[in-house]
file data24.pdb (PDB, C-alpha atoms)
ATOM      1  CA  MET A  25      33.816  36.268  21.571
ATOM      2  CA  ALA A  26      30.453  37.954  21.943
ATOM      3  CA  SER A  27      29.163  36.131  18.875
ATOM      4  CA  LYS A  28      30.310  32.781  20.276
ATOM      5  CA  ALA A  29      28.705  33.559  23.629
ATOM      6  CA  ASN A  30      25.440  34.495  21.930
ATOM      7  CA  SER A  31      25.522  31.254  19.933
ATOM      8  CA  GLU A  32      26.118  29.158  23.034
ATOM      9  CA  GLY A  33      23.431  31.070  24.873
ATOM     10  CA  GLY A  34      21.007  30.339  22.047
ATOM     11  CA  ILE A  35      21.717  26.606  22.283
ATOM     12  CA  VAL A  36      21.191  26.677  26.058
ATOM     13  CA  GLU A  37      17.874  28.474  25.655
ATOM     14  CA  THR A  38      16.771  25.958  23.034
ATOM     15  CA  ILE A  39      17.640  23.047  25.316
ATOM     16  CA  LYS A  40      15.705  24.727  28.147
ATOM     17  CA  THR A  41      12.692  25.117  25.866
ATOM     18  CA  VAL A  42      12.646  21.411  25.056
ATOM     19  CA  VAL A  43      13.162  20.407  28.706
ATOM     20  CA  TYR A  44      10.251  22.618  29.742
ATOM     21  CA  ALA A  45       8.111  21.100  26.992
ATOM     22  CA  LEU A  46       8.893  17.597  28.261
ATOM     23  CA  LEU A  47       8.076  18.587  31.839
ATOM     24  CA  ILE A  48       4.769  20.059  30.770
ATOM     25  CA  ALA A  49       4.031  16.878  28.849
ATOM     26  CA  GLY A  50       4.655  14.791  31.954
ATOM     27  CA  VAL A  51       2.396  16.893  34.185
ATOM     28  CA  PHE A  52      -0.548  17.392  31.852
ATOM     29  CA  ARG A  53      -0.512  14.179  29.837
ATOM     30  CA  THR A  54      -2.935  12.391  32.123
ATOM     31  CA  LEU A  55      -5.472  15.199  32.351
ATOM     32  CA  PHE A  56      -5.596  17.227  29.183
ATOM     33  CA  PHE A  57      -2.837  16.560  26.666
ATOM     34  CA  GLN A  58      -0.952  13.628  25.257
ATOM     35  CA  PRO A  59       2.454  14.018  23.594
ATOM     36  CA  PHE A  60       2.817  12.240  20.278
ATOM     37  CA  TRP A  61       5.980  11.625  18.273
ATOM     38  CA  ILE A  62       5.433  11.511  14.496
ATOM     39  CA  PRO A  63       7.030   8.251  13.265
ATOM     40  CA  SER A  64       6.071   8.258   9.569
ATOM     41  CA  GLY A  65       5.714  10.566   6.593
ATOM     42  CA  SER A  66       2.015   9.991   5.914
ATOM     43  CA  MET A  67       1.074  13.548   6.978
ATOM     44  CA  LYS A  68       3.814  15.497   5.160
ATOM     45  CA  ASP A  69       4.152  18.365   4.777
ATOM     46  CA  THR A  70       1.703  19.266   7.559
ATOM     47  CA  LEU A  71       3.642  17.021   9.935
ATOM     48  CA  LEU A  72       7.187  15.769   9.432
ATOM     49  CA  ILE A  73       8.892  12.668  10.772
ATOM     50  CA  GLY A  74      10.330  13.715  14.126
ATOM     51  CA  ASP A  75       7.690  16.320  14.983
ATOM     52  CA  PHE A  76       6.750  16.235  18.673
ATOM     53  CA  ILE A  77       3.151  17.377  19.107
ATOM     54  CA  PHE A  78       0.609  17.837  21.848
ATOM     55  CA  VAL A  79      -2.797  16.255  21.310
ATOM     56  CA  ASN A  80      -5.780  17.969  22.904
ATOM     57  CA  LYS A  81      -7.594  15.068  24.575
ATOM     58  CA  MET A  82     -10.511  17.290  25.600
ATOM     59  CA  ALA A  83     -11.302  18.495  22.074
ATOM     60  CA  TYR A  84     -14.098  15.962  21.537
ATOM     61  CA  GLY A  85     -14.721  14.717  25.061
ATOM     62  CA  TYR A  86     -13.429  11.571  26.698
ATOM     63  CA  SER A  87     -13.519   7.952  25.620
ATOM     64  CA  LYS A  88     -12.000   4.821  27.134
ATOM     65  CA  TYR A  89      -8.777   5.635  25.240
ATOM     66  CA  SER A  90      -8.373   9.214  26.424
ATOM     67  CA  CYS A  91     -10.127   9.497  29.777
ATOM     68  CA  PRO A  92      -8.014  10.094  32.914
ATOM     69  CA  PHE A  93     -10.802   9.532  35.426
ATOM     70  CA  ALA A  94     -12.397   6.375  36.790
ATOM     71  CA  MET A  95     -15.842   7.893  36.107
ATOM     72  CA  CYS A  96     -15.268   7.879  32.347
ATOM     73  CA  PRO A  97     -17.001   5.272  30.205
ATOM     74  CA  VAL A  98     -15.679   1.785  29.581
ATOM     75  CA  SER A  99     -17.202   2.168  26.132
ATOM     76  CA  GLY A 100     -18.799   5.087  24.334
ATOM     77  CA  ARG A 101     -17.767   8.721  24.615
ATOM     78  CA  LEU A 102     -18.506  11.660  26.880
ATOM     79  CA  LEU A 103     -18.978  14.076  23.993
ATOM     80  CA  PHE A 104     -18.099  17.768  24.356
ATOM     81  CA  SER A 105     -18.101  18.688  20.674
ATOM     82  CA  GLU A 106     -18.202  16.970  17.309
ATOM     83  CA  PRO A 107     -15.004  16.521  15.294
ATOM     84  CA  GLU A 108     -14.865  18.908  12.351
ATOM     85  CA  ARG A 109     -13.942  18.060   8.810
ATOM     86  CA  GLY A 110     -10.292  19.003   8.278
ATOM     87  CA  ASP A 111      -9.185  18.338  11.870
ATOM     88  CA  VAL A 112      -5.894  16.475  12.297
ATOM     89  CA  VAL A 113      -6.797  13.710  14.719
ATOM     90  CA  VAL A 114      -4.975  11.050  16.724
ATOM     91  CA  PHE A 115      -6.998   7.859  17.057
ATOM     92  CA  ARG A 116      -6.617   4.233  18.037
ATOM     93  CA  HIS A 117      -6.532   1.819  15.091
ATOM     94  CA  PRO A 118      -9.745  -0.237  15.201
ATOM     95  CA  VAL A 119      -7.901  -3.549  14.707
ATOM     96  CA  ASN A 120      -4.298  -3.447  15.902
ATOM     97  CA  GLY A 121      -4.690  -0.814  18.650
ATOM     98  CA  SER A 122      -1.806   1.394  17.448
ATOM     99  CA  ASP A 123      -2.043   5.186  17.614
ATOM    100  CA  TYR A 124      -2.491   6.813  14.196
ATOM    101  CA  ILE A 125      -2.680  10.432  13.079
ATOM    102  CA  LYS A 126      -4.587  11.507   9.953
ATOM    103  CA  ARG A 127      -6.857  14.263   8.653
ATOM    104  CA  LEU A 128     -10.621  13.905   9.026
ATOM    105  CA  ILE A 129     -12.240  13.956   5.591
ATOM    106  CA  GLY A 130     -15.533  12.070   5.858
ATOM    107  CA  LEU A 131     -18.216  12.533   8.534
ATOM    108  CA  PRO A 132     -20.971  10.003   9.319
ATOM    109  CA  GLY A 133     -23.265   9.664   6.308
ATOM    110  CA  ASP A 134     -20.793  11.177   3.823
ATOM    111  CA  THR A 135     -19.783   9.476   0.597
ATOM    112  CA  VAL A 136     -16.087   9.599  -0.286
ATOM    113  CA  GLN A 137     -14.384   8.512  -3.491
ATOM    114  CA  MET A 138     -10.930   9.048  -4.985
ATOM    115  CA  ARG A 139     -10.629   9.670  -8.706
ATOM    116  CA  ASN A 140      -7.252  10.414 -10.312
ATOM    117  CA  GLY A 141      -5.872  11.384  -6.919
ATOM    118  CA  GLU A 142      -8.645  13.871  -6.085
ATOM    119  CA  ILE A 143     -11.469  13.585  -3.547
ATOM    120  CA  ILE A 144     -15.102  13.433  -4.581
ATOM    121  CA  LEU A 145     -17.041  14.220  -1.411
ATOM    122  CA  ASN A 146     -20.806  13.706  -1.488
ATOM    123  CA  GLY A 147     -20.654  13.790  -5.283
ATOM    124  CA  THR A 148     -18.653  17.045  -5.487
ATOM    125  CA  LEU A 149     -15.016  17.312  -6.530
ATOM    126  CA  ILE A 150     -12.851  18.884  -3.815
ATOM    127  CA  PRO A 151     -10.761  21.604  -5.490
ATOM    128  CA  GLN A 152      -6.972  21.463  -5.473
ATOM    129  CA  THR A 153      -4.775  24.403  -6.477
ATOM    130  CA  PRO A 154      -1.156  23.746  -7.554
ATOM    131  CA  ASP A 155       1.304  25.193  -5.021
ATOM    132  CA  GLY A 156       4.760  24.327  -6.280
ATOM    133  CA  GLN A 157       6.768  21.422  -4.932
ATOM    134  CA  PHE A 158       7.750  20.009  -1.573
ATOM    135  CA  SER A 159      11.491  19.368  -1.401
ATOM    136  CA  GLU A 160      13.431  17.190   1.016
ATOM    137  CA  ILE A 161      16.671  15.204   1.028
ATOM    138  CA  ASN A 162      16.434  11.604  -0.097
ATOM    139  CA  ASP A 163      17.876  10.023   3.026
ATOM    140  CA  TYR A 164      16.912   7.679   5.855
ATOM    141  CA  GLN A 165      14.495   9.485   8.174
ATOM    142  CA  GLY A 166      13.662   9.076  11.856
ATOM    143  CA  PRO A 167      14.388   6.185  14.224
ATOM    144  CA  VAL A 168      12.904   3.647  11.786
ATOM    145  CA  GLY A 169      15.019   4.891   8.885
ATOM    146  CA  HIS A 170      12.351   5.255   6.188
ATOM    147  CA  LEU A 171      13.345   6.570   2.779
ATOM    148  CA  PRO A 172      10.861   9.094   1.370
ATOM    149  CA  ARG A 173       8.923   8.404  -1.808
ATOM    150  CA  CYS A 174       9.785  10.886  -4.537
ATOM    151  CA  GLU A 175       7.977  12.003  -7.654
ATOM    152  CA  ASN A 176      11.277  12.560  -9.464
ATOM    153  CA  SER A 177      12.955   9.289  -8.502
ATOM    154  CA  ASN A 178      12.308   7.003 -11.500
ATOM    155  CA  GLY A 179      13.583   4.309  -9.158
ATOM    156  CA  VAL A 180      17.190   5.548  -9.296
ATOM    157  CA  LEU A 181      17.369   8.564  -6.962
ATOM    158  CA  GLY A 182      20.557   8.408  -4.900
ATOM    159  CA  ILE A 183      21.000   9.069  -1.196
ATOM    160  CA  GLY A 184      21.473  12.788  -0.592
ATOM    161  CA  ALA A 185      19.700  13.849  -3.785
ATOM    162  CA  GLU A 186      16.753  16.242  -3.820
ATOM    163  CA  CYS A 187      13.411  14.434  -3.418
ATOM    164  CA  LEU A 188      10.419  16.272  -4.884
ATOM    165  CA  LYS A 189       6.658  15.904  -4.598
ATOM    166  CA  SER A 190       3.950  18.058  -6.173
ATOM    167  CA  ARG A 191       2.189  20.230  -3.599
ATOM    168  CA  TYR A 192      -1.443  21.331  -3.780
ATOM    169  CA  ILE A 193      -3.743  23.412  -1.597
ATOM    170  CA  GLU A 194      -6.980  21.546  -0.968
ATOM    171  CA  THR A 195     -10.135  23.411   0.074
ATOM    172  CA  LEU A 196     -12.745  21.455   2.011
ATOM    173  CA  PRO A 197     -16.437  22.378   2.315
ATOM    174  CA  GLY A 198     -16.689  25.228   4.796
ATOM    175  CA  GLY A 199     -13.495  26.827   3.528
ATOM    176  CA  ARG A 200     -10.807  25.012   5.520
ATOM    177  CA  VAL A 201      -7.600  24.679   3.521
ATOM    178  CA  HIS A 202      -4.524  22.510   3.884
ATOM    179  CA  ALA A 203      -1.610  21.285   1.795
ATOM    180  CA  VAL A 204      -1.471  17.817   0.252
ATOM    181  CA  LEU A 205       1.405  16.077  -1.551
ATOM    182  CA  ASN A 206       1.140  13.929  -4.642
ATOM    183  CA  ILE A 207       3.504  11.540  -6.397
ATOM    184  CA  ASP A 208       1.220  10.158  -9.106
ATOM    185  CA  THR A 209      -2.485   9.932  -9.920
ATOM    186  CA  ASN A 210      -2.667   6.212 -10.584
ATOM    187  CA  GLY A 211      -1.458   4.761  -7.315
ATOM    188  CA  ALA A 212      -3.149   2.028  -5.335
ATOM    189  CA  SER A 213      -5.425   4.497  -3.505
ATOM    190  CA  ASP A 214      -5.824   7.178  -6.193
ATOM    191  CA  ASN A 215      -8.913   5.570  -7.743
ATOM    192  CA  THR A 216     -11.418   3.898  -5.432
ATOM    193  CA  ASP A 217     -14.990   2.776  -5.161
ATOM    194  CA  VAL A 218     -17.470   5.012  -3.335
ATOM    195  CA  PHE A 219     -17.220   4.721   0.462
ATOM    196  CA  THR A 220     -20.302   5.522   2.567
ATOM    197  CA  VAL A 221     -19.268   6.450   6.103
ATOM    198  CA  PRO A 222     -21.430   4.556   8.648
ATOM    199  CA  ALA A 223     -23.149   6.283  11.559
ATOM    200  CA  GLY A 224     -20.777   6.798  14.488
ATOM    201  CA  ASN A 225     -17.677   6.449  12.272
ATOM    202  CA  TYR A 226     -15.213   8.708  10.457
ATOM    203  CA  PHE A 227     -13.102   8.586   7.303
ATOM    204  CA  PHE A 228      -9.460   9.675   7.567
ATOM    205  CA  MET A 229      -6.745  10.361   4.998
ATOM    206  CA  GLY A 230      -3.072  11.292   5.159
ATOM    207  CA  ASP A 231      -1.951  14.561   3.556
ATOM    208  CA  ASN A 232       0.895  12.699   1.826
ATOM    209  CA  ARG A 233      -1.676  11.020  -0.359
ATOM    210  CA  ASP A 234       0.484   8.376  -2.040
ATOM    211  CA  ASN A 235       2.191   7.338   1.190
ATOM    212  CA  SER A 236      -0.647   6.712   3.634
ATOM    213  CA  GLN A 237      -2.428   3.553   4.767
ATOM    214  CA  ASP A 238      -5.660   5.271   5.747
ATOM    215  CA  SER A 239      -9.433   4.840   5.425
ATOM    216  CA  ARG A 240      -9.086   4.225   1.699
ATOM    217  CA  VAL A 241      -7.462   0.893   2.561
ATOM    218  CA  ALA A 242      -9.538  -1.903   4.085
ATOM    219  CA  GLN A 243      -8.604  -3.137   7.545
ATOM    220  CA  SER A 244      -8.237  -6.639   6.079
ATOM    221  CA  ARG A 245      -5.369  -5.257   3.945
ATOM    222  CA  GLY A 246      -3.630  -3.442   6.775
ATOM    223  CA  GLY A 247      -5.420  -0.118   6.345
ATOM    224  CA  VAL A 248      -7.430   1.985   8.759
ATOM    225  CA  GLY A 249     -10.892   1.583   7.263
ATOM    226  CA  PHE A 250     -13.714   3.385   9.049
ATOM    227  CA  VAL A 251     -12.826   4.633  12.538
ATOM    228  CA  PRO A 252     -15.457   4.522  15.323
ATOM    229  CA  ALA A 253     -15.970   7.677  17.392
ATOM    230  CA  ASP A 254     -14.952   5.716  20.502
ATOM    231  CA  ASN A 255     -11.432   5.367  19.064
ATOM    232  CA  LEU A 256     -10.718   9.086  18.794
ATOM    233  CA  ILE A 257      -8.049  10.259  21.252
ATOM    234  CA  GLY A 258      -7.857  13.954  20.439
ATOM    235  CA  ARG A 259      -7.014  16.760  18.051
ATOM    236  CA  ALA A 260      -3.453  17.708  17.120
ATOM    237  CA  ASP A 261      -3.149  21.445  17.709
ATOM    238  CA  ARG A 262       0.538  22.368  17.780
ATOM    239  CA  VAL A 263       4.049  21.084  17.072
ATOM    240  CA  MET A 264       6.077  21.724  20.222
ATOM    241  CA  PHE A 265       9.453  20.985  18.652
ATOM    242  CA  SER A 266      10.907  18.823  15.904
ATOM    243  CA  SER A 267      13.984  16.693  15.321
ATOM    244  CA  ALA A 268      15.299  15.645  11.923
ATOM    245  CA  GLY A 269      17.552  13.015  13.529
ATOM    246  CA  THR A 270      17.051   9.547  14.926
ATOM    247  CA  SER A 271      16.476  10.818  18.478
ATOM    248  CA  LEU A 272      14.738  13.853  19.953
ATOM    249  CA  PHE A 273      17.819  14.335  22.190
ATOM    250  CA  TYR A 274      20.118  15.097  19.228
ATOM    251  CA  PHE A 275      19.691  18.858  19.566
ATOM    252  CA  TRP A 276      21.892  19.574  16.552
ATOM    253  CA  THR A 277      19.175  18.002  14.364
ATOM    254  CA  TRP A 278      16.306  20.105  15.740
ATOM    255  CA  ARG A 279      14.248  22.200  13.311
ATOM    256  CA  PRO A 280      13.914  25.634  14.967
ATOM    257  CA  ASP A 281      11.353  26.844  12.415
ATOM    258  CA  ARG A 282       8.849  24.252  13.678
ATOM    259  CA  PHE A 283       8.918  25.157  17.393
ATOM    260  CA  PHE A 284       5.338  25.870  18.592
ATOM    261  CA  LYS A 285       4.038  25.676  15.008
ATOM    262  CA  ALA A 286       0.238  25.452  14.723
ATOM    263  CA  VAL A 287      -1.148  22.347  12.996
ATOM    264  CA  GLU A 288      -3.413  23.505  10.182
TER     265      GLU A 288
END

call {"tool": "encode", "arguments": {"input": "data24.pdb", "output": "structure tokens"}}
result
Amino acid sequence: MASKANSEGGIVETIKTVVYALLIAGVFRTLFFQPFWIPSGSMKDTLLIGDFIFVNKMAYGYSKYSCPFAMCPVSGRLLFSEPERGDVVVFRHPVNGSDYIKRLIGLPGDTVQMRNGEIILNGTLIPQTPDGQFSEINDYQGPVGHLPRCENSNGVLGIGAECLKSRYIETLPGGRVHAVLNIDTNGASDNTDVFTVPAGNYFFMGDNRDNSQDSRVAQSRGGVGFVPADNLIGRADRVMFSSAGTSLFYFWTWRPDRFFKAVE
């Protein structure tokens, strides 16, 4: 009986945690933070479909997309600090106006090229160290019901089977490290021309490199292209909680190991 009571008490405490997180989101969204629900797998395994994160809107100052006050600019940005390479950033798509989340790779003036699935930044190859495999279940994910792309599929992987991707640790200039996933080295965005990032713009990529429509893809082809500084909303700092189901209210699908997890 004590074990059952402890189990029920744990569920109650978990529900309270999520309710408090939602209340905090409602109070502080306008001023400092914006909640963001991860709808796609482009940032795996840093961010999973169903992660609920807080975005720090004050990280880089305010723009017309993030400012809560009437005094903020209609265009341009009240800059507090510059975005740093390696930041995970939420921004407004320059063409369709949707909110996107990607990792900042290229700063203004940088050159960026992909060759065999690896980044060449300002003429220097960014090192990647093999780090095993990322494993997940091949099943429909999130409210949209996307199936993951798998390195081991060969086009015939069944529902419920293990889906694998190669995992690497990438080290950016300055020493910041993060994990990236790879399916192949000859995909549509694995070999590119050299991009030169214009002044006042940034170059973003998803950590799930073969499943991300990012700055490697031209806006005319549905990609992100270069992102103006005015379009930055804020930096993703922490996962508040995470749901593996089709709704954040299905508490039995929550991932307890991701509660309050720092975004690296």

call {"tool": "resolve_selection", "arguments": {"input": "data24.pdb", "expression": "the PyMOL selection byres ((chain A and resi 272-287) around 10)", "output": "PyMOL selection string"}}
result
chain A and resi 35+38-39+41-42+61+70-72+74-78+111-112+166-167+202+259-271+288

call {"tool": "closest_residue", "arguments": {"input": "data24.pdb", "among": "A:Tyr192, A:Phe115, A:Tyr124, A:Phe219", "to": "Pro154 in chain A", "atoms": "all atoms listed in the file"}}
result
A:Tyr192

call {"tool": "axis_aligned_box", "arguments": {"input": "data24.pdb", "around": "range 229-247 of chain A", "padding_each_side": "6 Å", "output": "JSON"}}
result
{"center_x": -3.7, "center_y": 4.0, "center_z": 2.8, "size_x": 23.7, "size_y": 33.2, "size_z": 21.6}

call {"tool": "resolve_selection", "arguments": {"input": "data24.pdb", "expression": "the PyMOL selection byres ((chain A and resi 120-122) around 12)", "output": "PyMOL selection string"}}
result
chain A and resi 63+89+114-119+123-125+243-244+246-249+251+255-257

call {"tool": "atom_distance", "arguments": {"input": "data24.pdb", "atom1": "CA of Ile150 in chain A", "atom2": "CA of Ile73 in chain A"}}
result
26.9 Å

call {"tool": "resolve_selection", "arguments": {"input": "data24.pdb", "expression": "the PyMOL selection byres ((chain A and resi 220) around 10)", "output": "PyMOL selection string"}}
result
chain A and resi 130-137+146+217-219+221-223+226-227+250

call {"tool": "residues_around", "arguments": {"input": "data24.pdb", "residues": "Ser177 in chain A", "least_positions_apart": "3", "cutoff": "10 Å", "atoms": "all atoms listed in the file", "output": "PDB file with C-alpha atoms, in the frame of the given file"}}
result
ATOM      1  CA  ASN A 162      16.434  11.604  -0.097  1.00  0.00           C
ATOM      2  CA  ARG A 173       8.923   8.404  -1.808  1.00  0.00           C
ATOM      3  CA  CYS A 174       9.785  10.886  -4.537  1.00  0.00           C
ATOM      4  CA  VAL A 180      17.190   5.548  -9.296  1.00  0.00           C
ATOM      5  CA  LEU A 181      17.369   8.564  -6.962  1.00  0.00           C
ATOM      6  CA  GLY A 182      20.557   8.408  -4.900  1.00  0.00           C
ATOM      7  CA  ALA A 185      19.700  13.849  -3.785  1.00  0.00           C
ATOM      8  CA  GLU A 186      16.753  16.242  -3.820  1.00  0.00           C
ATOM      9  CA  CYS A 187      13.411  14.434  -3.418  1.00  0.00           C
ATOM     10  CA  LEU A 188      10.419  16.272  -4.884  1.00  0.00           C
ATOM     11  CA  LYS A 189       6.658  15.904  -4.598  1.00  0.00           C
ATOM     12  CA  ILE A 207       3.504  11.540  -6.397  1.00  0.00           C
TER      13      ILE A 207
END

call {"tool": "atom_distance", "arguments": {"input": "data24.pdb", "atom1": "CA of Asp231 in chain A", "atom2": "CA of Asn178 in chain A"}}
result
22.1 Å

call {"tool": "atom_distance", "arguments": {"input": "data24.pdb", "atom1": "CA of Ile183 in chain A", "atom2": "CA of Ser66 in chain A"}}
result
20.3 Å

call {"tool": "closest_residue", "arguments": {"input": "data24.pdb", "among": "A:Lys40, A:Arg139, A:Lys126, A:Arg191", "to": "Met67 in chain A", "atoms": "all atoms listed in the file"}}
result
A:Lys126

call {"tool": "closest_residue", "arguments": {"input": "data24.pdb", "among": "A:Glu37, A:Glu142, A:Asp208, A:Asp254", "to": "Met229 in chain A", "atoms": "all atoms listed in the file"}}
result
A:Glu142

call {"tool": "residues_near_point", "arguments": {"input": "data24.pdb", "point": "(-8.4, -1.1, -1.4)", "cutoff": "8 Å", "atoms": "all atoms listed in the file", "output": "PyMOL selection string"}}
result
chain A and resi 212-213+216+240-242+245

call {"tool": "closest_residue", "arguments": {"input": "data24.pdb", "among": "A:Ile62, A:Gln237, A:Asn232, A:Leu205", "to": "Gly156 in chain A", "atoms": "all atoms listed in the file"}}
result
A:Leu205

call {"tool": "closest_residue", "arguments": {"input": "data24.pdb", "among": "A:Val201, A:Gly258, A:Gly147, A:Leu171", "to": "Asn80 in chain A", "atoms": "only C-alpha atoms"}}
result
A:Gly258

call {"tool": "closest_residue", "arguments": {"input": "data24.pdb", "among": "A:Glu108, A:Asp163, A:Asp234, A:Asp155", "to": "Asp214 in chain A", "atoms": "all atoms listed in the file"}}
result
A:Asp234

call {"tool": "residues_near_point", "arguments": {"input": "data24.pdb", "point": "(-9.6, 24.1, 1.9)", "cutoff": "9 Å", "atoms": "all atoms listed in the file", "output": "list in words"}}
result
Gly110, Ile150, Pro151, Gln152, Ile193, Glu194, Thr195, Leu196, Pro197, Gly198, Gly199, Arg200, Val201, His202 and Ala203 of chain A
